[in-house]
Amino acid sequence: MGERPGLARLLAPRPEVARWHPHGAEGVCLTAAGEVVLVSQDGERWSLPAGRPELGETWEDTLRREVLEEACARVLTARLLGFCRGACVAGPEEGLVLVRSIWRAEVELEPWEPQFEIRHRRLVAQDEVMDQLGIGSHPFASVLRRTLHEAAITTGSPAQLEQVMDADG
């Protein structure tokens with residue numbers, strides 16, 4: 001099996017200071033009833049509301065705008081959970097380090113009037129989130145599992161939660 005282009009460089013030692021760019025915000029959004037808001041472009045693959053910043057936006061500004069645009073929901077409160085960092089290994093942004101903020105947000109739903117690329121919104125019980133996000137086959141499964149854990153989302157039985165923590169180290 002051959003290596004992907006740029007993988008060796010990605011794994012090579014890096015200088016202490018890397019060129020990085022705020023990549024946006026992603027939110028685990030909960031309604032007053034405790035349901036998690038998921039969005040989808042095609043009605044088949046579901047994700048958490050997320051997006052890139054516009055000029056001059058803070059991390060939280062980006063979260064609030066993207067949740068409103070993608071999920072037609074207003075953020076009432078938001079708590080920063082952490083950051084996810086990744087490096088582009090090919091293309092025009094090769095070598096660029098992208099940083100995304102990850103939040104837990106309590107939201108109030110607005111009428112569903114999709115205006116952009118997101119065409120579907122779904123509310124799911126907390127114990128169904130992992131299945132709806134397709135975590136078993138998701139390329140960032142460990143990040144999603146950790147995000148849900150940090151957001152205090154009840155994602156299954158105690159045995160399943162223990163597996164999540166074991167998998168994430």
# chains A, B, ... in the order shown; residues from 1 in each chain; ligands from 1
>>> residues_around(residues="Arg122 of chain A", least_positions_apart="5", cutoff="10 Å", atoms="only C-alpha atoms", output="PDB file with N, CA and C atoms, in the first residue's frame")
ATOM      1  N   GLU A  35     -32.887  17.547  22.898  1.00  0.00           N
ATOM      2  CA  GLU A  35     -32.597  16.908  21.610  1.00  0.00           C
ATOM      3  C   GLU A  35     -31.400  17.593  20.957  1.00  0.00           C
ATOM      4  N   VAL A  36     -30.653  16.828  20.174  1.00  0.00           N
ATOM      5  CA  VAL A  36     -29.489  17.344  19.468  1.00  0.00           C
ATOM      6  C   VAL A  36     -29.903  17.686  18.040  1.00  0.00           C
ATOM      7  N   VAL A  37     -29.477  18.845  17.570  1.00  0.00           N
ATOM      8  CA  VAL A  37     -29.800  19.316  16.225  1.00  0.00           C
ATOM      9  C   VAL A  37     -28.727  18.831  15.261  1.00  0.00           C
ATOM     10  N   LEU A  38     -29.139  18.112  14.226  1.00  0.00           N
ATOM     11  CA  LEU A  38     -28.242  17.670  13.159  1.00  0.00           C
ATOM     12  C   LEU A  38     -28.700  18.292  11.848  1.00  0.00           C
ATOM     13  N   VAL A  39     -27.761  18.453  10.921  1.00  0.00           N
ATOM     14  CA  VAL A  39     -28.072  19.032   9.617  1.00  0.00           C
ATOM     15  C   VAL A  39     -27.488  18.157   8.514  1.00  0.00           C
ATOM     16  N   SER A  40     -28.043  18.328   7.303  1.00  0.00           N
ATOM     17  CA  SER A  40     -27.590  17.521   6.172  1.00  0.00           C
ATOM     18  C   SER A  40     -27.850  18.256   4.862  1.00  0.00           C
ATOM     19  N   GLY A  43     -29.891  14.737   3.170  1.00  0.00           N
ATOM     20  CA  GLY A  43     -30.874  13.955   3.911  1.00  0.00           C
ATOM     21  C   GLY A  43     -30.406  12.549   4.238  1.00  0.00           C
ATOM     22  N   TRP A  46     -25.497  13.006   7.983  1.00  0.00           N
ATOM     23  CA  TRP A  46     -25.832  14.029   8.968  1.00  0.00           C
ATOM     24  C   TRP A  46     -24.591  14.511   9.683  1.00  0.00           C
ATOM     25  N   SER A  47     -24.630  15.770  10.102  1.00  0.00           N
ATOM     26  CA  SER A  47     -23.487  16.353  10.807  1.00  0.00           C
ATOM     27  C   SER A  47     -23.974  17.394  11.806  1.00  0.00           C
ATOM     28  N   ALA A  71     -28.973  25.615  10.684  1.00  0.00           N
ATOM     29  CA  ALA A  71     -29.969  24.877  11.456  1.00  0.00           C
ATOM     30  C   ALA A  71     -31.215  25.698  11.763  1.00  0.00           C
ATOM     31  N   GLN A 132     -26.751   8.378  14.197  1.00  0.00           N
ATOM     32  CA  GLN A 132     -27.172   9.324  13.157  1.00  0.00           C
ATOM     33  C   GLN A 132     -25.979   9.987  12.474  1.00  0.00           C
TER      34      GLN A 132
END
>>> residues_around(residues="segment 75-84 of chain A", least_positions_apart="2", cutoff="6 Å", atoms="only C-alpha atoms", output="PyMOL selection string")
chain A and resi 64+99-107
>>> write_last_selection(atoms="all heavy atoms", output="PDB file, in the first residue's frame")
ATOM      1  N   ARG A  64     -22.479  31.256  16.140  1.00  0.00           N
ATOM      2  CA  ARG A  64     -23.843  31.797  16.163  1.00  0.00           C
ATOM      3  C   ARG A  64     -24.403  31.979  14.749  1.00  0.00           C
ATOM      4  O   ARG A  64     -25.548  31.618  14.477  1.00  0.00           O
ATOM      5  CB  ARG A  64     -23.873  33.111  16.934  1.00  0.00           C
ATOM      6  CG  ARG A  64     -23.667  32.908  18.429  1.00  0.00           C
ATOM      7  CD  ARG A  64     -23.607  34.223  19.198  1.00  0.00           C
ATOM      8  NE  ARG A  64     -23.404  33.977  20.614  1.00  0.00           N
ATOM      9  CZ  ARG A  64     -24.360  33.642  21.481  1.00  0.00           C
ATOM     10  NH1 ARG A  64     -25.613  33.546  21.059  1.00  0.00           N
ATOM     11  NH2 ARG A  64     -24.087  33.419  22.746  1.00  0.00           N
ATOM     12  N   VAL A  99      -7.620  25.289  12.246  1.00  0.00           N
ATOM     13  CA  VAL A  99      -8.072  25.138  13.625  1.00  0.00           C
ATOM     14  C   VAL A  99      -9.564  25.456  13.688  1.00  0.00           C
ATOM     15  O   VAL A  99      -9.996  26.505  13.219  1.00  0.00           O
ATOM     16  CB  VAL A  99      -7.285  26.070  14.570  1.00  0.00           C
ATOM     17  CG1 VAL A  99      -7.789  25.929  15.999  1.00  0.00           C
ATOM     18  CG2 VAL A  99      -5.791  25.773  14.490  1.00  0.00           C
ATOM     19  N   ARG A 100     -10.332  24.527  14.260  1.00  0.00           N
ATOM     20  CA  ARG A 100     -11.781  24.703  14.389  1.00  0.00           C
ATOM     21  C   ARG A 100     -12.143  24.702  15.872  1.00  0.00           C
ATOM     22  O   ARG A 100     -11.680  23.852  16.621  1.00  0.00           O
ATOM     23  CB  ARG A 100     -12.510  23.571  13.680  1.00  0.00           C
ATOM     24  CG  ARG A 100     -14.023  23.617  13.872  1.00  0.00           C
ATOM     25  CD  ARG A 100     -14.721  22.648  12.989  1.00  0.00           C
ATOM     26  NE  ARG A 100     -14.786  23.249  11.664  1.00  0.00           N
ATOM     27  CZ  ARG A 100     -15.576  22.827  10.686  1.00  0.00           C
ATOM     28  NH1 ARG A 100     -16.353  21.799  10.876  1.00  0.00           N
ATOM     29  NH2 ARG A 100     -15.582  23.422   9.531  1.00  0.00           N
ATOM     30  N   SER A 101     -12.979  25.663  16.266  1.00  0.00           N
ATOM     31  CA  SER A 101     -13.475  25.684  17.640  1.00  0.00           C
ATOM     32  C   SER A 101     -14.695  24.762  17.730  1.00  0.00           C
ATOM     33  O   SER A 101     -15.471  24.652  16.787  1.00  0.00           O
ATOM     34  CB  SER A 101     -13.841  27.107  18.063  1.00  0.00           C
ATOM     35  OG  SER A 101     -14.840  27.643  17.217  1.00  0.00           O
ATOM     36  N   ILE A 102     -14.830  24.111  18.880  1.00  0.00           N
ATOM     37  CA  ILE A 102     -15.935  23.172  19.088  1.00  0.00           C
ATOM     38  C   ILE A 102     -16.689  23.605  20.340  1.00  0.00           C
ATOM     39  O   ILE A 102     -16.082  23.853  21.384  1.00  0.00           O
ATOM     40  CB  ILE A 102     -15.416  21.729  19.216  1.00  0.00           C
ATOM     41  CG1 ILE A 102     -14.617  21.358  17.964  1.00  0.00           C
ATOM     42  CG2 ILE A 102     -16.565  20.760  19.447  1.00  0.00           C
ATOM     43  CD1 ILE A 102     -13.932  20.026  18.016  1.00  0.00           C
ATOM     44  N   TRP A 103     -18.014  23.687  20.212  1.00  0.00           N
ATOM     45  CA  TRP A 103     -18.866  24.268  21.240  1.00  0.00           C
ATOM     46  C   TRP A 103     -20.012  23.355  21.631  1.00  0.00           C
ATOM     47  O   TRP A 103     -20.456  22.536  20.829  1.00  0.00           O
ATOM     48  CB  TRP A 103     -19.488  25.558  20.717  1.00  0.00           C
ATOM     49  CG  TRP A 103     -18.508  26.583  20.276  1.00  0.00           C
ATOM     50  CD1 TRP A 103     -17.810  26.611  19.101  1.00  0.00           C
ATOM     51  CD2 TRP A 103     -18.104  27.739  20.994  1.00  0.00           C
ATOM     52  NE1 TRP A 103     -17.006  27.725  19.061  1.00  0.00           N
ATOM     53  CE2 TRP A 103     -17.171  28.435  20.205  1.00  0.00           C
ATOM     54  CE3 TRP A 103     -18.460  28.271  22.235  1.00  0.00           C
ATOM     55  CZ2 TRP A 103     -16.578  29.629  20.621  1.00  0.00           C
ATOM     56  CZ3 TRP A 103     -17.873  29.462  22.635  1.00  0.00           C
ATOM     57  CH2 TRP A 103     -16.938  30.122  21.838  1.00  0.00           C
ATOM     58  N   ARG A 104     -20.529  23.567  22.835  1.00  0.00           N
ATOM     59  CA  ARG A 104     -21.832  23.048  23.247  1.00  0.00           C
ATOM     60  C   ARG A 104     -22.730  24.279  23.315  1.00  0.00           C
ATOM     61  O   ARG A 104     -22.372  25.277  23.950  1.00  0.00           O
ATOM     62  CB  ARG A 104     -21.781  22.376  24.607  1.00  0.00           C
ATOM     63  CG  ARG A 104     -23.173  21.930  25.081  1.00  0.00           C
ATOM     64  CD  ARG A 104     -23.149  21.452  26.521  1.00  0.00           C
ATOM     65  NE  ARG A 104     -24.497  21.430  27.043  1.00  0.00           N
ATOM     66  CZ  ARG A 104     -25.146  20.335  27.428  1.00  0.00           C
ATOM     67  NH1 ARG A 104     -24.554  19.166  27.337  1.00  0.00           N
ATOM     68  NH2 ARG A 104     -26.363  20.413  27.892  1.00  0.00           N
ATOM     69  N   ALA A 105     -23.876  24.228  22.649  1.00  0.00           N
ATOM     70  CA  ALA A 105     -24.760  25.388  22.604  1.00  0.00           C
ATOM     71  C   ALA A 105     -26.192  24.982  22.900  1.00  0.00           C
ATOM     72  O   ALA A 105     -26.680  23.976  22.376  1.00  0.00           O
ATOM     73  CB  ALA A 105     -24.689  26.047  21.229  1.00  0.00           C
ATOM     74  N   GLU A 106     -26.846  25.761  23.747  1.00  0.00           N
ATOM     75  CA  GLU A 106     -28.277  25.614  23.952  1.00  0.00           C
ATOM     76  C   GLU A 106     -28.933  26.523  22.923  1.00  0.00           C
ATOM     77  O   GLU A 106     -28.537  27.693  22.787  1.00  0.00           O
ATOM     78  CB  GLU A 106     -28.678  26.001  25.380  1.00  0.00           C
ATOM     79  CG  GLU A 106     -28.384  24.917  26.415  1.00  0.00           C
ATOM     80  CD  GLU A 106     -26.903  24.689  26.681  1.00  0.00           C
ATOM     81  OE1 GLU A 106     -26.136  25.671  26.629  1.00  0.00           O
ATOM     82  OE2 GLU A 106     -26.509  23.542  26.903  1.00  0.00           O
ATOM     83  N   VAL A 107     -29.895  25.980  22.186  1.00  0.00           N
ATOM     84  CA  VAL A 107     -30.482  26.727  21.073  1.00  0.00           C
ATOM     85  C   VAL A 107     -32.001  26.769  21.155  1.00  0.00           C
ATOM     86  O   VAL A 107     -32.629  25.931  21.802  1.00  0.00           O
ATOM     87  CB  VAL A 107     -30.067  26.132  19.701  1.00  0.00           C
ATOM     88  CG1 VAL A 107     -28.562  26.155  19.534  1.00  0.00           C
ATOM     89  CG2 VAL A 107     -30.613  24.728  19.513  1.00  0.00           C
TER      90      VAL A 107
END
>>> closest_residue(among="A:Trp112, A:Gly86, A:Ile118, A:Leu55", to="Phe140 of chain A", atoms="only C-alpha atoms")
A:Gly86
>>> residues_around(residues="Ile135 of chain A", least_positions_apart="5", cutoff="12 Å", atoms="only C-alpha atoms", output="NGL selection string")
:A and (45-47 or 128-130 or 140-148 or 155 or 164)
>>> atom_distance(atom1="atom CA of Cys88 of chain A", atom2="atom CA of Leu68 of chain A")
27.9 Å
>>> atom_distance(atom1="atom CA of Val124 of chain A", atom2="atom CA of Glu26 of chain A")
17.2 Å
>>> atom_distance(atom1="atom CA of Gln115 of chain A", atom2="atom CA of Pro139 of chain A")
27.6 Å
>>> closest_residue(among="A:Gly91, A:Leu123, A:Glu60, A:Glu44", to="Leu30 of chain A", atoms="only C-alpha atoms")
A:Leu123
>>> closest_residue(among="A:Leu98, A:Ala87, A:Leu48, A:Cys72", to="Pro114 of chain A", atoms="only C-alpha atoms")
A:Cys72
>>> select_by_dssp(residues="segment 6-158 of chain A", states="alpha helix (DSSP H)", output="ChimeraX atom specification")
/A:7-11,59-71,129-132,141-150,158
>>> closest_residue(among="A:Glu113, A:Glu150, A:Asp131, A:Glu70", to="Gln41 of chain A", atoms="only C-alpha atoms")
A:Glu70
>>> select_by_dssp(residues="segment 112-164 of chain A", states="strand (DSSP E or B)", output="number ranges by chain")
A: 120-124
>>> closest_residue(among="A:Asp61, A:Glu94, A:Glu108, A:Asp42", to="Arg121 of chain A", atoms="only C-alpha atoms")
A:Asp42
>>> closest_residue(among="A:Cys29, A:Glu69, A:His138, A:His23", to="Arg119 of chain A", atoms="only C-alpha atoms")
A:Glu69
